[in-house]
Structures are given as structure tokens and as C-alpha cells.
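Structure file start.cif (mmCIF, C-alpha atoms) is printed below.
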```cif
data_query
loop_
_atom_site.label_atom_id
_atom_site.label_comp_id
_atom_site.auth_asym_id
_atom_site.auth_seq_id
_atom_site.Cartn_x
_atom_site.Cartn_y
_atom_site.Cartn_z
CA MET A 30 127.52 -24.61 81.82
CA ASP A 31 125.15 -23.78 84.66
CA ILE A 32 128.03 -22.32 86.69
CA ALA A 33 129.21 -20.29 83.68
CA ALA A 34 125.68 -18.91 83.36
CA LEU A 35 125.65 -18.10 87.06
CA ILE A 36 128.95 -16.23 86.82
CA ALA A 37 127.80 -14.33 83.74
CA TRP A 38 124.51 -13.49 85.48
CA VAL A 39 126.27 -12.20 88.61
CA VAL A 40 128.66 -10.04 86.55
CA THR A 41 125.69 -8.71 84.59
CA ALA A 42 123.85 -8.00 87.84
CA LEU A 43 126.82 -6.09 89.27
CA GLY A 44 126.90 -3.79 86.25
CA GLY A 45 123.14 -3.38 86.36
CA PHE A 46 123.17 -2.65 90.06
CA TYR A 47 125.85 -0.01 89.50
CA MET A 48 123.75 1.67 86.81
CA LEU A 49 120.59 1.47 88.94
CA GLY A 50 122.46 3.09 91.84
CA THR A 51 123.80 5.81 89.56
CA TRP A 52 120.34 6.46 88.11
CA VAL A 53 118.69 6.68 91.54
CA GLN A 54 121.53 8.75 93.04
CA ARG A 55 121.42 11.21 90.12
CA GLY A 56 117.67 11.71 90.53
CA GLY A 57 116.23 9.37 87.92
CA ILE A 58 113.06 8.71 89.90
CA ARG A 59 112.57 12.41 90.66
CA GLN A 60 113.17 13.26 87.00
CA GLN A 61 110.11 11.24 86.02
CA ARG A 62 107.94 14.19 87.07
CA THR A 63 109.93 16.75 85.06
CA GLY A 64 110.35 14.58 81.97
CA THR A 65 114.14 14.85 82.12
CA SER A 66 114.90 11.14 82.34
CA ARG A 67 114.22 9.09 79.24
CA LEU A 68 114.07 5.87 81.26
CA PRO A 69 110.63 5.21 82.74
CA ALA A 70 110.86 4.15 86.38
CA PRO A 71 108.57 1.11 85.82
CA ALA A 72 110.91 -0.13 83.08
CA VAL A 73 114.04 0.38 85.19
CA LEU A 74 112.58 -1.14 88.34
CA GLY A 75 110.81 -3.94 86.45
CA HIS A 76 114.05 -4.83 84.64
CA PHE A 77 115.88 -4.96 87.95
CA ALA A 78 113.17 -6.91 89.80
CA LEU A 79 112.68 -9.55 87.11
CA ALA A 80 116.44 -10.00 86.71
CA ALA A 81 116.88 -10.38 90.48
CA ILE A 82 114.02 -12.89 90.72
CA GLY A 83 115.46 -14.80 87.77
CA LEU A 84 118.89 -14.89 89.41
CA VAL A 85 117.39 -16.34 92.57
CA VAL A 86 115.57 -18.97 90.49
CA TRP A 87 118.84 -19.76 88.71
CA ILE A 88 120.70 -20.19 92.00
CA VAL A 89 117.98 -22.58 93.16
CA TYR A 90 118.31 -24.42 89.83
CA VAL A 91 122.07 -24.78 90.27
CA VAL A 92 121.49 -26.30 93.71
CA ALA A 93 118.45 -28.47 92.86
CA ASP A 94 119.18 -29.30 89.18
CA GLU A 95 115.47 -29.27 88.25
CA ALA A 96 114.89 -28.61 84.54
CA ALA A 97 111.69 -26.69 85.22
CA LEU A 98 113.68 -24.11 87.18
CA ALA A 99 116.10 -23.62 84.29
CA TRP A 100 113.20 -22.97 81.94
CA THR A 101 111.56 -20.65 84.47
CA ALA A 102 114.76 -18.62 84.72
CA PHE A 103 114.98 -18.45 80.93
CA VAL A 104 111.36 -17.29 80.61
CA LEU A 105 112.04 -14.62 83.25
CA LEU A 106 115.03 -13.43 81.22
CA LEU A 107 112.94 -12.75 78.11
CA PRO A 108 111.11 -9.67 79.44
CA VAL A 109 114.33 -8.61 81.18
CA ALA A 110 116.08 -8.62 77.80
CA LEU A 111 113.17 -6.81 76.12
CA LEU A 112 113.17 -4.09 78.77
CA GLY A 113 116.95 -3.86 78.50
CA PHE A 114 116.80 -3.29 74.74
CA VAL A 115 114.06 -0.68 75.17
CA MET A 116 116.13 1.17 77.77
CA LEU A 117 119.25 0.94 75.59
CA ALA A 118 117.32 2.45 72.68
CA ARG A 119 116.14 5.28 74.94
CA TRP A 120 119.62 5.79 76.45
CA ILE A 121 121.54 6.14 73.15
CA PRO A 122 120.06 9.57 72.23
CA VAL A 123 120.74 10.80 75.78
CA HIS A 124 124.34 9.63 75.52
CA ARG A 125 124.77 11.31 72.12
CA ALA A 126 123.08 14.59 73.11
CA PRO A 127 125.18 17.61 74.06
CA ALA A 128 126.20 17.57 77.73
CA THR A 129 124.32 20.81 78.41
CA GLY A 130 121.11 18.97 79.18
CA ALA A 131 119.26 20.87 76.50
CA GLY A 132 117.40 18.81 74.03
CA PRO A 133 113.98 17.73 72.85
CA HIS A 134 113.46 15.45 75.85
CA VAL A 135 114.07 18.17 78.47
CA THR A 136 111.10 20.31 79.49
CA ALA A 137 111.44 24.00 80.33
CA ALA A 138 110.86 23.25 84.02
CA ALA A 139 113.63 20.66 84.03
CA ALA A 140 116.03 22.93 82.13
CA ASN A 141 115.84 25.42 85.01
CA ALA A 142 116.18 22.79 87.72
CA ASP A 143 119.35 21.32 89.21
CA ASP A 144 118.60 18.01 87.52
CA ALA A 145 118.48 19.27 83.94
CA VAL A 146 120.85 16.50 82.84
CA PRO A 147 119.16 13.09 82.61
CA ALA A 148 120.36 10.74 85.33
CA GLU A 149 121.22 8.07 82.77
CA ARG A 150 123.66 10.44 81.10
CA HIS A 151 126.05 9.51 83.92
CA PHE A 152 126.21 5.82 82.94
CA PRO A 153 129.78 4.97 81.92
CA VAL A 154 129.78 3.59 78.36
CA PRO A 155 132.07 0.65 79.27
CA VAL A 156 129.61 -0.41 81.98
CA VAL A 157 126.66 -0.19 79.57
CA VAL A 158 128.52 -2.21 76.93
CA ALA A 159 129.78 -4.83 79.38
CA HIS A 160 126.32 -5.15 80.95
CA GLY A 161 124.79 -5.75 77.53
CA LEU A 162 127.43 -8.26 76.43
CA PHE A 163 127.25 -10.23 79.66
CA ALA A 164 123.45 -10.12 79.49
CA VAL A 165 123.47 -11.68 76.02
CA ALA A 166 125.97 -14.30 77.20
CA THR A 167 123.77 -15.03 80.22
CA LEU A 168 120.66 -15.46 78.09
CA LEU A 169 122.46 -17.84 75.72
CA LEU A 170 124.09 -19.85 78.51
CA VAL A 171 120.78 -20.20 80.36
CA LEU A 172 119.04 -21.32 77.16
CA LEU A 173 121.76 -23.82 76.33
CA THR A 174 121.68 -25.19 79.87
CA ALA A 175 117.88 -25.49 79.80
CA LEU A 176 118.18 -27.37 76.48
CA GLY A 177 120.67 -29.75 78.10
CA VAL A 178 123.61 -28.73 75.92
CA GLY A 179 126.96 -29.25 77.64
CA GLY A 180 125.56 -31.00 80.70
CA SER A 181 124.94 -29.40 84.06
#
```
For the structure just supplied, provide its representation as C-alpha cells.
Amino acid sequence: MDIAALIAWVVTALGGFYMLGTWVQRGGIRQQRTGTSRLPAPAVLGHFALAAIGLVVWIVYVVADEAALAWTAFVLLLPVALLGFVMLARWIPVHRAPATGAGPHVTAAAANADDAVPAERHFPVPVVVAHGLFAVATLLLVLLTALGVGGS
């Protein structure tokens, strides 16, 4: 089950890395100043950093088979999941908004700028859905492994 968790985590990370790259490339960090992006940079970068650290801990667990590492990885996943749900909740209205970039979350300064459309608007829905589903699977597989269900 530890290898299944590792595979799920890597697939989740690939989707997350794609969305992070899209967000940065489309000006998500720059949009923090104009209020265009609904995703706070600390949440995005914290989500990424904690998930990456947790993945490294999980890889070390798979190699070393120390229960404390499995639990550490699981504990690291909890704030990752919380931040992920917060960002999902903030992304849904952006996804549903008209593509013009106009809306309650766009300031007048941003509406006149080149980056009037929130960077996260460019996230492909299938990637968001797959990232979320694999993230839930990862969290469950890591928990089950830490509990000793299914052996390691």
C-alpha cells in the first residue's frame, strides 16, 4: 500500500505542479497586488511546499519503513488538504464567472490591465478534478499505511 500511496502522491504532484506553473505563468503572483487572483500566494506556495516536503518524507518512509515517518507524512498532508479545499472553494467562483474578467473580485485597476482575468481561470477542469481525486486517494492510502492496514 505504501507504493500505491507513492504513485498516487506523484500523480497528484504532477497535476499540482502543472497548475502551479499555469498560475505563475499567467501572472498569479503579480495579480496579488491588483486583487485579480482569488488564490493568495501564501496559500498556493504553502500548499506546494508542504506537499513537496511530505512527498520527500514519504519517499524516505518507503525506503526506511519507519512508522514515525509515515505518521509525519500524514500530519504534513492535513494542512495540505486544508489549503487545497480553501483554494478549491476560492477557485469555483472564478471558474463559474464570465470569461470577461469582470466580476466582484476584480478591481478597477486590474480590469484595465493585461491581467484582468485571474490566473487560476486557466486551470483545466479535468486537471483540477483529477488533482483533487488523487489527493483524497493519497491521504487515505497514507493514513491506511500509517495504521498498518494492508502491510507495507
Separation of atom CA of A:Ala102 and atom CA of A:Tyr90, in Å?
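A separation of 8.5 Å between them.
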Selection dump of the PyMOL selection byres ((chain A and resi 65) around 6), as JSON, numbers by chain:
{"A": [60, 63, 64, 66, 135, 147]}
Atom pair atom CA of A:Thr174 + atom CA of A:Ala34, distance 8.2 Å
Carefully work through the PyMOL selection byres ((chain A and resi 55) around 12) for this structure and note down the residues it includes, as a PyMOL selection string.
chain A and resi 48-54+56-60+65-66+143-152
Given the file above and the PyMOL selection byres ((chain A and resi 41) around 12), which residues are selected, and can you give them as a short mmCIF file (atom, residue, chain, number, x, y, z; two decimals) with C-alpha atoms, in the frame of the given file?
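File produced: selection.cif:
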```cif
data_model
loop_
_atom_site.label_atom_id
_atom_site.label_comp_id
_atom_site.auth_asym_id
_atom_site.auth_seq_id
_atom_site.Cartn_x
_atom_site.Cartn_y
_atom_site.Cartn_z
CA ALA A 34 125.68 -18.91 83.36
CA LEU A 35 125.65 -18.10 87.06
CA ILE A 36 128.95 -16.23 86.82
CA ALA A 37 127.80 -14.33 83.74
CA TRP A 38 124.51 -13.49 85.48
CA VAL A 39 126.27 -12.20 88.61
CA VAL A 40 128.66 -10.04 86.55
CA ALA A 42 123.85 -8.00 87.84
CA LEU A 43 126.82 -6.09 89.27
CA GLY A 44 126.90 -3.79 86.25
CA GLY A 45 123.14 -3.38 86.36
CA PHE A 46 123.17 -2.65 90.06
CA TYR A 47 125.85 -0.01 89.50
CA MET A 48 123.75 1.67 86.81
CA PHE A 77 115.88 -4.96 87.95
CA ALA A 80 116.44 -10.00 86.71
CA ALA A 81 116.88 -10.38 90.48
CA LEU A 84 118.89 -14.89 89.41
CA VAL A 109 114.33 -8.61 81.18
CA ALA A 110 116.08 -8.62 77.80
CA GLY A 113 116.95 -3.86 78.50
CA VAL A 156 129.61 -0.41 81.98
CA VAL A 157 126.66 -0.19 79.57
CA VAL A 158 128.52 -2.21 76.93
CA ALA A 159 129.78 -4.83 79.38
CA HIS A 160 126.32 -5.15 80.95
CA GLY A 161 124.79 -5.75 77.53
CA LEU A 162 127.43 -8.26 76.43
CA PHE A 163 127.25 -10.23 79.66
CA ALA A 164 123.45 -10.12 79.49
CA VAL A 165 123.47 -11.68 76.02
CA ALA A 166 125.97 -14.30 77.20
CA THR A 167 123.77 -15.03 80.22
CA LEU A 168 120.66 -15.46 78.09
#
```
Just the residues within 7 Å of A:Trp100, please, counting all atoms listed in the file, with nothing from its chain fewer than 4 positions along; format it as a count of residues only.
3
Quote the spacing between atom CA of A:Arg125 and atom CA of A:His76 in Å to one decimal place.
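That distance, rounded to one decimal, is 23.1 Å.
The residue that comes closest to A:Val86, out of A:Val178, A:Val73, A:Leu173, A:Leu105 and on the basis of all atoms listed in the file, is A:Leu105.
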Hey, what's within 12 Å of A:Asp94 if we count only C-alpha atoms and toss same-chain stuff fewer than 3 positions away? As a ChimeraX atom specification, please?
/A:31-32,86-91,97-100,174-175,177,180-181
Which residue gives the smallest distance to A:Leu106 among A:Ala126, A:Val171, A:Ala33, A:Ile121, with all atoms listed in the file counted?
A:Val171
Using all atoms listed in the file, can you tell me which of A:Ile82, A:Leu176, A:Leu68, A:Val154 comes closest to A:Val115?
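Of A:Ile82, A:Leu176, A:Leu68, A:Val154, the one nearest A:Val115, counting all atoms listed in the file, is A:Leu68.
Nearest-residue note for A:Ala118: choosing from A:Thr101, A:Gly179, A:Arg67, A:Val92, the minimum distance belongs to A:Arg67, counting all atoms listed in the file.
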Once 8 Å is added on each side, what centre and edge lengths in Å to one decimal does the axis-aligned box around all listed atoms of stretch 118-128 of chain A have, as lines of an AutoDock Vina configuration file?
```
center_x = 121.2
center_y = 10.0
center_z = 74.9
size_x = 26.1
size_y = 31.2
size_z = 21.6
```
Residue among A:Pro155, A:Leu169, A:Arg62, A:Pro71 lying closest to A:Met116, counting only C-alpha atoms:
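Smallest separation from A:Met116 among the options: A:Pro71.
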Let me make sure I understand: among A:Pro69, A:Gly83, A:Phe103, A:Pro127, which one has the smallest atom-to-atom distance to A:Leu170 if we use only C-alpha atoms?
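Among the listed residues, the smallest separation from A:Leu170 belongs to A:Phe103.
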